[in-house]
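Student: Dropping in work08.txt, which is compact mmCIF, C-alpha atoms:
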# COMPACT_ATOMS: atom_id res chain seq x y z
CA MET A 1 33.84 22.10 60.04
CA ALA A 2 36.87 19.80 59.79
CA THR A 3 34.97 17.08 61.56
CA ALA A 4 31.95 17.30 59.23
CA ALA A 5 34.11 17.32 56.13
CA THR A 6 36.11 14.32 57.25
CA ALA A 7 33.02 12.31 58.15
CA SER A 8 31.36 12.97 54.81
CA ILE A 9 34.44 12.06 52.78
CA PHE A 10 35.65 9.12 54.87
CA PRO A 11 32.61 7.25 56.25
CA VAL A 12 33.63 4.52 58.71
CA PRO A 13 31.80 1.98 60.92
CA SER A 14 30.62 2.92 64.39
CA PRO A 15 33.12 2.27 67.21
CA SER A 16 32.94 -0.99 69.11
CA PRO A 17 31.60 -0.89 72.70
CA ASP A 18 35.01 -1.59 74.25
CA ALA A 19 36.54 1.51 72.80
CA GLY A 20 37.43 4.03 75.51
CA ALA A 21 36.45 7.63 75.61
CA ASP A 22 40.08 8.66 75.25
CA GLY A 23 40.35 6.89 71.93
CA ASN A 24 38.86 9.82 70.03
CA LYS A 25 41.22 12.60 71.24
CA LEU A 26 43.63 14.50 69.02
CA VAL A 27 47.12 15.63 70.07
CA GLY A 28 47.16 19.27 70.90
CA GLY A 29 43.40 19.76 70.99
CA SER A 30 40.11 18.61 72.41
CA VAL A 31 38.28 17.98 69.07
CA LYS A 32 36.51 14.56 69.00
CA LEU A 33 36.28 12.47 65.77
CA GLN A 34 33.34 10.14 66.11
CA GLY A 35 33.62 6.81 64.35
CA LEU A 36 37.42 6.70 64.70
CA LYS A 37 39.44 4.36 66.94
CA SER A 38 42.80 5.33 68.36
CA LYS A 39 45.73 3.71 70.09
CA HIS A 40 49.03 4.95 71.46
CA ALA A 41 51.94 4.36 69.15
CA SER A 42 55.30 3.34 70.46
CA SER A 43 56.68 6.72 69.52
CA GLY A 44 54.44 8.27 72.11
CA GLY A 45 52.11 10.03 69.61
CA LEU A 46 48.47 9.18 69.01
CA GLN A 47 47.89 7.65 65.55
CA VAL A 48 44.39 7.31 64.08
CA LYS A 49 43.88 4.97 61.10
CA ALA A 50 40.83 5.57 58.87
CA HIS A 51 39.00 2.52 57.55
CA ALA A 52 40.24 1.59 54.03
CA GLN A 53 41.84 5.01 53.55
CA ALA A 54 45.35 6.45 53.70
CA PRO A 55 46.15 8.26 56.98
CA PRO A 56 44.79 11.78 56.61
CA LYS A 57 46.10 14.93 58.26
CA ILE A 58 43.82 17.25 60.16
CA ASN A 59 45.18 20.51 61.56
CA GLY A 60 48.67 19.20 60.96
CA SER A 61 48.17 15.99 62.95
CA THR A 62 48.23 12.49 61.50
CA VAL A 63 45.08 10.52 62.25
CA GLU A 64 44.80 6.75 62.04
CA SER A 65 41.92 4.53 63.12
CA LEU A 66 42.38 1.48 65.24
CA LYS A 67 41.16 -1.80 63.71
CA HIS A 68 40.73 -4.81 65.90
CA ASP A 69 41.58 -8.19 64.47
CA ASP A 70 38.23 -9.63 65.50
CA ASP A 71 36.16 -7.01 63.59
CA LEU A 72 34.11 -8.47 60.71
CA PRO A 73 34.03 -6.73 57.30
CA SER A 74 31.20 -4.24 57.20
CA PRO A 75 28.91 -3.84 54.14
CA PRO A 76 29.67 -1.00 51.74
CA PRO A 77 28.27 2.32 52.91
CA ARG A 78 24.87 3.39 51.55
CA THR A 79 25.59 6.41 49.39
CA PHE A 80 23.53 8.26 46.75
CA ILE A 81 25.54 6.84 43.85
CA ASN A 82 25.30 3.12 44.67
CA GLN A 83 21.53 3.42 45.23
CA LEU A 84 20.85 4.58 41.66
CA PRO A 85 19.47 2.07 39.05
CA ASP A 86 21.67 0.27 36.54
CA TRP A 87 22.25 3.03 33.96
CA SER A 88 23.41 0.61 31.23
CA MET A 89 20.11 -1.31 31.30
CA LEU A 90 18.09 1.90 31.27
CA LEU A 91 20.09 3.25 28.33
CA ALA A 92 19.61 0.01 26.39
CA ALA A 93 15.84 0.15 26.92
CA ILE A 94 15.65 3.77 25.75
CA THR A 95 17.74 2.95 22.66
CA THR A 96 15.50 0.00 21.75
CA ILE A 97 12.34 2.12 22.02
CA PHE A 98 13.89 4.91 19.94
CA LEU A 99 14.99 2.54 17.16
CA ALA A 100 11.56 0.90 17.01
CA ALA A 101 9.84 4.28 16.77
CA GLU A 102 12.26 5.44 14.08
CA LYS A 103 11.59 2.30 12.03
CA GLN A 104 7.83 2.82 12.19
CA TRP A 105 8.20 6.45 11.17
CA MET A 106 10.38 5.56 8.20
CA MET A 107 7.80 3.02 7.05
CA LEU A 108 5.04 5.61 7.17
CA ASP A 109 7.07 8.16 5.24
CA TRP A 110 8.76 5.60 3.02
CA LYS A 111 10.05 6.80 -0.29
CA PRO A 112 12.47 4.62 -2.28
CA ARG A 113 15.72 6.01 -3.50
CA ARG A 114 17.34 3.07 -5.30
CA SER A 115 15.97 0.42 -7.61
CA ASP A 116 17.03 -2.33 -5.20
CA MET A 117 14.98 -0.67 -2.44
CA LEU A 118 11.73 -0.44 -4.38
CA ILE A 119 9.75 -2.89 -2.24
CA ASP A 120 6.57 -1.68 -0.64
CA PRO A 121 6.90 -1.99 3.17
CA PHE A 122 3.27 -2.99 3.56
CA GLY A 123 3.56 -5.97 1.22
CA ILE A 124 1.17 -4.70 -1.46
CA GLY A 125 3.61 -5.28 -4.31
CA ARG A 126 7.15 -4.87 -5.51
CA ILE A 127 9.20 -3.42 -8.33
CA VAL A 128 10.94 -5.99 -10.58
CA GLN A 129 12.93 -6.09 -13.81
CA ASP A 130 15.32 -3.21 -13.14
CA GLY A 131 12.65 -1.00 -11.60
CA LEU A 132 10.40 -0.91 -14.68
CA VAL A 133 7.69 -3.48 -13.87
CA PHE A 134 5.40 -3.54 -10.85
CA ARG A 135 4.14 -6.91 -9.59
CA GLN A 136 1.35 -7.64 -7.14
CA ASN A 137 -0.55 -10.76 -6.06
CA PHE A 138 -4.26 -11.02 -5.35
CA SER A 139 -6.38 -13.75 -3.84
CA ILE A 140 -9.81 -14.17 -5.41
CA ARG A 141 -12.38 -13.70 -2.64
CA SER A 142 -15.79 -15.32 -2.34
CA TYR A 143 -17.57 -12.01 -2.94
CA GLU A 144 -15.68 -11.49 -6.22
CA ILE A 145 -17.13 -14.48 -8.05
CA GLY A 146 -20.44 -14.91 -9.83
CA ALA A 147 -23.01 -17.65 -10.24
CA ASP A 148 -20.63 -19.75 -12.32
CA ARG A 149 -17.97 -19.63 -9.55
CA THR A 150 -15.49 -17.57 -11.55
CA ALA A 151 -14.34 -14.00 -11.07
CA SER A 152 -16.34 -11.36 -12.92
CA ILE A 153 -14.85 -9.03 -15.52
CA GLU A 154 -15.32 -6.17 -13.04
CA THR A 155 -13.18 -8.04 -10.50
CA VAL A 156 -10.39 -8.50 -13.02
CA MET A 157 -10.53 -4.83 -14.06
CA ASN A 158 -10.47 -3.66 -10.43
CA HIS A 159 -7.29 -5.68 -9.81
CA LEU A 160 -5.69 -4.13 -12.89
CA GLN A 161 -6.57 -0.64 -11.71
CA GLU A 162 -5.28 -1.36 -8.20
CA THR A 163 -1.87 -2.41 -9.50
CA ALA A 164 -1.64 0.76 -11.59
CA LEU A 165 -2.16 2.97 -8.55
CA ASN A 166 0.16 0.92 -6.35
CA HIS A 167 2.81 1.11 -9.06
CA VAL A 168 2.78 4.91 -8.83
CA LYS A 169 2.79 4.77 -5.03
CA THR A 170 5.62 2.27 -4.70
CA ALA A 171 7.76 4.16 -7.21
CA GLY A 172 7.54 7.23 -4.96
CA LEU A 173 5.59 9.29 -7.51
CA LEU A 174 2.26 9.52 -5.73
CA GLY A 175 1.24 13.05 -4.81
CA ASP A 176 -1.93 14.20 -3.09
CA GLY A 177 -4.13 13.19 -6.00
CA PHE A 178 -5.52 9.83 -7.11
CA GLY A 179 -2.58 8.47 -9.13
CA SER A 180 -1.20 11.95 -9.79
CA THR A 181 2.46 12.88 -9.40
CA PRO A 182 3.54 15.88 -7.28
CA GLU A 183 3.93 18.10 -10.36
CA MET A 184 0.52 17.02 -11.62
CA CYS A 185 -1.01 18.00 -8.29
CA LYS A 186 0.54 21.46 -8.54
CA LYS A 187 -1.10 21.93 -11.94
CA ASN A 188 -4.44 20.30 -11.02
CA LEU A 189 -3.95 17.49 -13.54
CA ILE A 190 -5.28 13.94 -13.36
CA TRP A 191 -5.03 10.85 -15.57
CA VAL A 192 -8.09 9.71 -17.55
CA VAL A 193 -8.33 6.62 -19.75
CA THR A 194 -9.29 7.04 -23.40
CA ARG A 195 -8.99 3.48 -24.69
CA MET A 196 -9.02 0.04 -23.08
CA GLN A 197 -8.44 -3.32 -24.74
CA VAL A 198 -8.72 -6.58 -22.77
CA VAL A 199 -8.39 -10.25 -23.70
CA VAL A 200 -9.38 -12.90 -21.14
CA ASP A 201 -8.11 -16.42 -21.79
CA ARG A 202 -9.50 -17.86 -18.56
CA TYR A 203 -11.21 -16.44 -15.49
CA PRO A 204 -9.76 -17.30 -12.08
CA THR A 205 -11.96 -19.03 -9.51
CA TRP A 206 -12.53 -18.64 -5.79
CA GLY A 207 -9.31 -19.18 -3.84
CA ASP A 208 -6.98 -18.73 -6.81
CA VAL A 209 -4.00 -16.43 -6.35
CA VAL A 210 -3.26 -14.31 -9.39
CA GLN A 211 -0.12 -12.35 -10.19
CA VAL A 212 -0.46 -9.03 -12.00
CA ASP A 213 2.44 -7.32 -13.77
CA THR A 214 2.07 -3.77 -15.08
CA TRP A 215 4.33 -1.26 -16.83
CA VAL A 216 4.03 2.03 -18.72
CA SER A 217 5.23 3.34 -22.09
CA ALA A 218 4.88 6.50 -24.12
CA SER A 219 1.87 6.81 -26.40
CA GLY A 220 2.28 9.59 -28.93
CA LYS A 221 3.31 13.04 -27.74
CA ASN A 222 0.83 13.53 -24.94
CA GLY A 223 -0.30 10.07 -23.92
CA MET A 224 0.83 7.16 -21.80
CA ARG A 225 0.19 3.49 -22.46
CA ARG A 226 -0.19 1.08 -19.56
CA ASP A 227 -0.10 -2.68 -20.08
CA TRP A 228 -1.02 -5.53 -17.75
CA LEU A 229 -0.32 -9.24 -17.68
CA LEU A 230 -2.32 -11.41 -15.29
CA ARG A 231 -1.13 -14.97 -14.53
CA ASP A 232 -2.10 -17.86 -12.33
CA CYS A 233 0.41 -17.55 -9.49
CA LYS A 234 0.64 -21.33 -9.02
CA THR A 235 0.98 -22.52 -12.64
CA GLY A 236 2.18 -19.39 -14.44
CA GLU A 237 -0.65 -19.70 -16.94
CA ILE A 238 -1.55 -16.40 -18.64
CA LEU A 239 -5.14 -15.52 -17.76
CA THR A 240 -5.61 -11.94 -18.97
CA ARG A 241 -3.79 -9.37 -21.10
CA ALA A 242 -4.78 -5.73 -21.21
CA SER A 243 -3.55 -2.50 -22.77
CA SER A 244 -4.78 1.05 -22.21
CA VAL A 245 -4.08 4.64 -23.27
CA TRP A 246 -4.21 7.52 -20.79
CA VAL A 247 -4.14 11.31 -21.17
CA MET A 248 -4.18 14.23 -18.77
CA MET A 249 -7.18 16.31 -17.83
CA ASN A 250 -7.45 19.45 -15.73
CA LYS A 251 -9.72 18.51 -12.84
CA LEU A 252 -10.97 22.10 -12.48
CA THR A 253 -11.83 22.86 -16.09
CA ARG A 254 -12.44 19.16 -17.01
CA ARG A 255 -10.55 19.74 -20.27
CA LEU A 256 -7.75 17.60 -21.71
CA SER A 257 -4.22 18.90 -21.30
CA LYS A 258 -0.80 18.34 -22.80
CA ILE A 259 1.86 16.70 -20.63
CA PRO A 260 3.90 19.53 -19.04
CA GLU A 261 7.66 19.19 -19.23
CA GLU A 262 7.90 19.07 -15.43
CA VAL A 263 5.58 16.05 -15.37
CA ARG A 264 7.37 14.41 -18.28
CA ALA A 265 10.64 14.69 -16.36
CA GLU A 266 9.02 12.85 -13.43
CA ILE A 267 7.67 9.89 -15.38
CA ALA A 268 9.94 9.51 -18.43
CA SER A 269 12.48 7.31 -16.61
CA TYR A 270 9.76 4.73 -15.88
CA PHE A 271 8.73 4.27 -19.51
CA VAL A 272 9.46 0.90 -21.08
CA ASN A 273 10.45 0.84 -24.72
CA SER A 274 8.34 -2.11 -25.81
CA ALA A 275 5.44 -2.96 -28.09
CA PRO A 276 1.93 -3.23 -26.62
CA ILE A 277 1.14 -6.56 -25.02
CA LEU A 278 -1.90 -6.77 -27.29
CA GLU A 279 -2.01 -6.06 -30.99
CA GLU A 280 -4.24 -3.03 -31.34
CA ASP A 281 -7.72 -3.70 -32.64
CA ASN A 282 -8.06 -1.02 -35.31
CA ARG A 283 -11.58 -1.92 -36.33
CA LYS A 284 -13.84 1.10 -36.14
CA LEU A 285 -16.36 1.17 -33.32
CA SER A 286 -19.61 2.16 -35.00
CA LYS A 287 -22.23 4.31 -33.34
CA LEU A 288 -25.51 2.79 -32.22
CA ASP A 289 -28.90 4.46 -32.04
CA ASP A 290 -32.45 3.47 -31.22
CA ASN A 291 -32.90 1.91 -34.66
CA THR A 292 -29.71 -0.17 -34.77
CA ALA A 293 -29.67 -1.36 -31.16
CA ASP A 294 -31.30 -4.68 -30.20
CA TYR A 295 -31.44 -4.00 -26.46
CA ILE A 296 -31.70 -0.70 -24.57
CA ARG A 297 -31.49 -0.11 -20.83
CA THR A 298 -32.42 3.35 -19.53
CA GLY A 299 -32.39 5.18 -16.22
CA LEU A 300 -28.78 4.40 -15.24
CA SER A 301 -27.14 6.94 -12.94
CA PRO A 302 -23.98 7.01 -10.81
CA ARG A 303 -24.23 6.61 -7.07
CA TRP A 304 -22.02 8.43 -4.60
CA ASN A 305 -19.87 5.32 -4.15
CA ASP A 306 -19.22 5.21 -7.92
CA LEU A 307 -17.10 8.39 -7.72
CA ASP A 308 -13.37 8.40 -6.92
CA VAL A 309 -11.48 11.08 -5.01
CA ASN A 310 -11.25 13.19 -8.18
CA GLN A 311 -15.06 13.26 -8.41
CA HIS A 312 -14.63 11.09 -11.50
CA VAL A 313 -16.71 7.99 -12.20
CA ASN A 314 -14.50 4.91 -11.93
CA ASN A 315 -13.84 3.53 -15.42
CA VAL A 316 -14.72 0.02 -14.22
CA LYS A 317 -18.23 1.28 -13.47
CA TYR A 318 -18.72 2.07 -17.17
CA ILE A 319 -18.13 -1.61 -17.97
CA GLY A 320 -20.90 -2.61 -15.61
CA TRP A 321 -23.27 -0.12 -17.23
CA ILE A 322 -22.44 -1.42 -20.71
CA LEU A 323 -23.25 -4.98 -19.69
CA GLU A 324 -26.60 -3.86 -18.24
CA SER A 325 -28.08 -4.01 -21.76
CA ALA A 326 -26.43 -7.31 -22.74
CA PRO A 327 -29.11 -9.97 -23.37
CA GLN A 328 -29.67 -12.40 -20.52
CA PRO A 329 -29.23 -15.57 -22.66
CA ILE A 330 -25.68 -14.47 -23.54
CA LEU A 331 -24.81 -13.78 -19.89
CA GLU A 332 -26.04 -17.21 -18.87
CA SER A 333 -24.48 -19.30 -21.63
CA HIS A 334 -21.39 -17.29 -22.66
CA GLU A 335 -18.50 -15.54 -21.01
CA LEU A 336 -16.78 -12.35 -22.14
CA SER A 337 -13.51 -13.19 -23.88
CA ALA A 338 -12.41 -9.81 -25.30
CA MET A 339 -13.39 -6.18 -24.97
CA THR A 340 -12.44 -2.90 -26.64
CA LEU A 341 -13.68 0.40 -25.19
CA GLU A 342 -13.32 4.02 -26.28
CA TYR A 343 -14.01 6.58 -23.55
CA ARG A 344 -15.29 9.79 -25.15
CA ARG A 345 -16.37 11.93 -22.21
CA GLU A 346 -17.06 11.60 -18.53
CA CYS A 347 -20.46 11.64 -16.92
CA GLY A 348 -21.33 13.81 -13.97
CA ARG A 349 -22.65 12.92 -10.58
CA ASP A 350 -26.23 13.78 -11.59
CA SER A 351 -26.09 12.27 -15.09
CA VAL A 352 -28.71 9.80 -16.31
CA LEU A 353 -27.44 7.30 -18.87
CA GLN A 354 -28.70 4.81 -21.42
CA SER A 355 -27.01 1.54 -22.38
CA LEU A 356 -27.47 0.18 -25.93
CA THR A 357 -26.37 -3.22 -27.28
CA ALA A 358 -26.54 -4.77 -30.75
CA VAL A 359 -25.78 -8.47 -31.30
CA SER A 360 -24.06 -9.46 -34.52
CA ALA A 361 -26.16 -12.60 -35.05
CA ALA A 362 -28.89 -13.43 -37.52
CA ASP A 363 -31.03 -15.24 -34.96
CA VAL A 364 -31.18 -13.08 -31.84
CA GLY A 365 -33.78 -15.36 -30.29
CA ASN A 366 -31.47 -18.39 -30.19
CA LEU A 367 -28.36 -16.88 -28.62
CA ALA A 368 -27.82 -19.56 -25.99
CA HIS A 369 -26.94 -22.15 -28.64
CA ARG A 370 -24.62 -19.97 -30.69
CA GLY A 371 -20.84 -20.31 -30.65
CA GLN A 372 -18.69 -17.19 -30.76
CA LEU A 373 -20.67 -13.95 -30.51
CA GLU A 374 -19.85 -10.29 -30.94
CA CYS A 375 -21.75 -7.32 -29.56
CA LYS A 376 -21.56 -3.59 -30.14
CA HIS A 377 -22.24 -1.21 -27.28
CA LEU A 378 -22.93 2.45 -26.63
CA LEU A 379 -23.25 4.27 -23.34
CA ARG A 380 -24.81 7.70 -23.76
CA LEU A 381 -26.53 10.49 -21.84
CA GLU A 382 -30.24 11.06 -22.20
CA ASP A 383 -29.56 13.97 -24.54
CA GLY A 384 -27.61 11.67 -26.89
CA ALA A 385 -24.05 12.70 -25.90
CA GLU A 386 -21.74 9.68 -26.14
CA ILE A 387 -19.88 8.45 -23.09
CA VAL A 388 -18.35 5.13 -24.21
CA ARG A 389 -18.35 3.09 -27.40
CA GLY A 390 -17.48 -0.55 -27.14
CA ARG A 391 -17.22 -3.96 -28.69
CA THR A 392 -17.29 -7.27 -26.81
CA GLU A 393 -16.58 -10.85 -27.88
CA TRP A 394 -18.16 -13.86 -26.18
CA ARG A 395 -17.39 -17.57 -26.12
CA PRO A 396 -19.49 -20.44 -24.75
CA LYS A 397 -18.88 -21.13 -21.08
CA PRO A 398 -17.07 -24.34 -20.10
CA VAL A 399 -19.47 -27.24 -19.68
CA SER A 400 -18.89 -27.44 -15.92
CA ASN A 401 -19.74 -23.76 -15.45
CA PHE A 402 -22.77 -24.00 -17.71
CA ASP A 403 -24.15 -26.92 -15.69
CA ILE A 404 -23.70 -25.00 -12.43
CA VAL A 405 -25.67 -22.02 -13.74
CA ASN A 406 -28.54 -24.20 -14.95
CA GLN A 407 -28.85 -26.33 -11.83
CA VAL A 408 -32.30 -26.01 -10.24
CA PRO A 409 -32.69 -27.13 -6.62
CA ALA A 410 -35.11 -30.01 -6.18
CA GLU A 411 -38.46 -29.05 -4.70
CA SER A 412 -38.94 -30.14 -1.11
CA ILE A 413 -41.53 -32.91 -0.60
Would you encode the structure as structure tokens?
Tutor:
Amino acid sequence: MATAATASIFPVPSPSPDAGADGNKLVGGSVKLQGLKSKHASSGGLQVKAHAQAPPKINGSTVESLKHDDDLPSPPPRTFINQLPDWSMLLAAITTIFLAAEKQWMMLDWKPRRSDMLIDPFGIGRIVQDGLVFRQNFSIRSYEIGADRTASIETVMNHLQETALNHVKTAGLLGDGFGSTPEMCKKNLIWVVTRMQVVVDRYPTWGDVVQVDTWVSASGKNGMRRDWLLRDCKTGEILTRASSVWVMMNKLTRRLSKIPEEVRAEIASYFVNSAPILEEDNRKLSKLDDNTADYIRTGLSPRWNDLDVNQHVNNVKYIGWILESAPQPILESHELSAMTLEYRRECGRDSVLQSLTAVSAADVGNLAHRGQLECKHLLRLEDGAEIVRGRTEWRPKPVSNFDIVNQVPAESI
């Protein structure tokens, strides 16, 4: 047992061939220590010197190995420890992977805590002006423009709606619903628009990058006003201004609701104390009927893709339905410059609607050569129930756009 213990603790090179058999004997015993070299000391005792170790004692005897001067240094012994990989490199790799995974997880579950952190990690927008205004840029795509090479009013309205939802998301107020806060989700409440007012100074064209700012304010006791400002990102020119009023509706009963105090506590800190970006158009929106309307389009119904996650028809879709009854000469020669809408009730998935339009012009048959025009609109169900009342203002299209629309390809010879 002493021999095995010594060999495992003090590994040494194998003896050279010229070492004698007597070189591995211990004084007072016949135990052999393999791998050790011995020589007689002048004192008459046998001393054994271990390689690179202090002289050990075994059974009370001092052992020292004999090292010849002509022996070359041997390589370090192969042990379990020095055959393991570099632990520092392995630890660094594990740490790098862990930090990368933690960063990705934080981005997926990202919720801002300070106003200087309110930047969406996916680059869809950012909070500016002390955390009260949300700003987002959009590039006008080829499929968002019409025959006159400018963006449609539906495109502009979709960008406004997108910034509103991203504002709620980036502020950390988005619950499980479509634009609803956590407290609203608990009470089955959703936002619905009751009034929309839009003024378009110029429509962007294909390839333009527009910048949309949006913010919210209180509107009465149980409403919220949301304003938008759309600019040309390159020049800073104001393109569109819009203001809207929103109220809460219970998505189960489909009835309007007051703002609960829990919800008010969530959103009150984001309200801006400012006047509307547009002066409110207080002119009454008169009701149209079959006798007062100049144009009527029937048989309109929502498709499955027209519904949002709240089973609610997208408010931009109503604008498209209203323009379905606008006379073709106006659409070809004029562009919509202003719009005021009052949403009175929602339509269901199986509803069938009618679109009515009346033109405030003495000569309806010569609309293409008129200057400024105004139209009244009504979107109703087949049973006469009103969905939306509206008023639109139109201006002649720029000459370049008008020429594009009226170009007729030459006939091939």
Student: Just to confirm, what's the straight-line distance from atom CA of Tyr343 of chain A to atom CA of Val168 of chain A in Å (one decimal)?
Tutor: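 Computed distance, atom CA of Tyr343 of chain A to atom CA of Val168 of chain A, equals 22.4 Å.
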Student: From the options A:Val209, A:Ala338, A:Leu356, A:Leu239, which residue's atoms come nearest to Lys287 of chain A, counting all atoms listed in the file?
Tutor: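 Distance minimum relative to Lys287 of chain A lands on A:Leu356.
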Student: Given only C-alpha atoms, how would the per-residue table for segment 254-284 of chain A near segment 225-229 of chain A read, listing every residue at most 10 Å away with its closest atom pair and distance in Å to one decimal, sorted by chain and number, as a Markdown table?
Tutor:
| residue | atom | partner | partner_atom | distance |
| --- | --- | --- | --- | --- |
| A:Phe271 | CA | A:Arg225 | CA | 9.1 |
| A:Val272 | CA | A:Arg225 | CA | 9.7 |
| A:Ala275 | CA | A:Asp227 | CA | 9.7 |
| A:Pro276 | CA | A:Asp227 | CA | 6.9 |
| A:Ile277 | CA | A:Asp227 | CA | 6.4 |
| A:Leu278 | CA | A:Asp227 | CA | 8.5 |
Student: Can I get the selection written as a compact mmCIF listing (two decimals), keeping the file's coordinate frame, with C-alpha atoms?
Tutor:
# COMPACT_ATOMS: atom_id res chain seq x y z
CA PHE A 271 8.73 4.27 -19.51
CA VAL A 272 9.46 0.90 -21.08
CA ALA A 275 5.44 -2.96 -28.09
CA PRO A 276 1.93 -3.23 -26.62
CA ILE A 277 1.14 -6.56 -25.02
CA LEU A 278 -1.90 -6.77 -27.29
Student: If we count all atoms listed in the file and set the cut-off at 9 Å, which residues sit around segment 173-182 of chain A, ignoring sequence neighbours fewer than 3 positions away in its own chain? Please answer as a list in words.
Tutor: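 The contact residues come out as Lys111, Ala164, Leu165, Asn166, His167, Val168, Lys169, Thr170, Cys185, Lys186, Lys187, Asn188, Leu189, Ile190, Trp191, Val263, Glu266, Ile267, Asp308, Val309 and Asn310 of chain A.
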Student: Per residue of segment 273-323 of chain A within 10 Å of segment 140-163 of chain A, what are the shortest atom pair and its distance in Å to one decimal, counting all atoms listed in the file, with rows by chain and residue number, as a Markdown table?
Tutor:
| residue | atom | partner | partner_atom | distance |
| --- | --- | --- | --- | --- |
| A:Asn314 | CA | A:Asn158 | CA | 9.6 |
| A:Asn315 | CA | A:Met157 | CA | 9.1 |
| A:Val316 | CA | A:Glu154 | CA | 6.3 |
| A:Lys317 | CA | A:Glu154 | CA | 8.0 |
| A:Tyr318 | CA | A:Glu154 | CA | 9.8 |
| A:Ile319 | CA | A:Glu154 | CA | 7.3 |
| A:Gly320 | CA | A:Glu154 | CA | 7.1 |
Student: Rank A:Asn273, A:Asn137, A:Ser243, A:Ser286 by their smallest atom-to-atom distance to Gln211 of chain A, using all atoms listed in the file, and report the top residue only.
Tutor: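 Distance minimum relative to Gln211 of chain A lands on A:Asn137.
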Student: Here is a test: counting all atoms listed in the file, which residue of A:Lys234, A:Gln129, A:Thr292, A:Asn282 is nearest to Gly207 of chain A?
Tutor: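 Nearest candidate to Gly207 of chain A out of A:Lys234, A:Gln129, A:Thr292, A:Asn282: A:Lys234.
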Student: If I take atom CA of Thr194 of chain A and atom CA of His377 of chain A, how far is one from the other in Å, to one decimal?
Tutor: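 If I compute the distance from atom CA of Thr194 of chain A to atom CA of His377 of chain A, I get 15.8 Å.
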Student: Could you give me, as a PyMOL selection string, the residues within 9 Å of Leu288 of chain A, counting all atoms listed in the file and dropping anything in the same chain fewer than 6 positions from it?
Tutor: chain A and resi 356-358+376-378+389
Student: Filtering to C-alpha atoms, could you give me those residues as a PDB file, in the frame of the given file?
Tutor:
ATOM      1  CA  LEU A 356     -27.470   0.180 -25.930  1.00  0.00           C
ATOM      2  CA  THR A 357     -26.370  -3.220 -27.280  1.00  0.00           C
ATOM      3  CA  ALA A 358     -26.540  -4.770 -30.750  1.00  0.00           C
ATOM      4  CA  LYS A 376     -21.560  -3.590 -30.140  1.00  0.00           C
ATOM      5  CA  HIS A 377     -22.240  -1.210 -27.280  1.00  0.00           C
ATOM      6  CA  LEU A 378     -22.930   2.450 -26.630  1.00  0.00           C
ATOM      7  CA  ARG A 389     -18.350   3.090 -27.400  1.00  0.00           C
TER       8      ARG A 389
END
Student: Figure out the distance between atom CA of Trp246 of chain A and atom CA of Leu132 of chain A, please, to one decimal in Å.
Tutor: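 Answer for the atom CA of Leu132 of chain A to atom CA of Trp246 of chain A separation: 17.9 Å.
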Student: Need to verify the contact set: Pro329 of chain A, 9 Å, only C-alpha atoms, exclusion of same-chain residues closer than 2 positions in sequence. Can you return it as a PyMOL selection string?
Tutor: chain A and resi 326-327+331-334+365-368
Student: For a cut-off of 8 Å around (4.3, -9.4, -12.9), file coordinates, pick out all residues using all atoms listed in the file and list them as a VMD selection string.
Tutor: chain A and resid 128 133 to 136 211 to 214 229 to 231
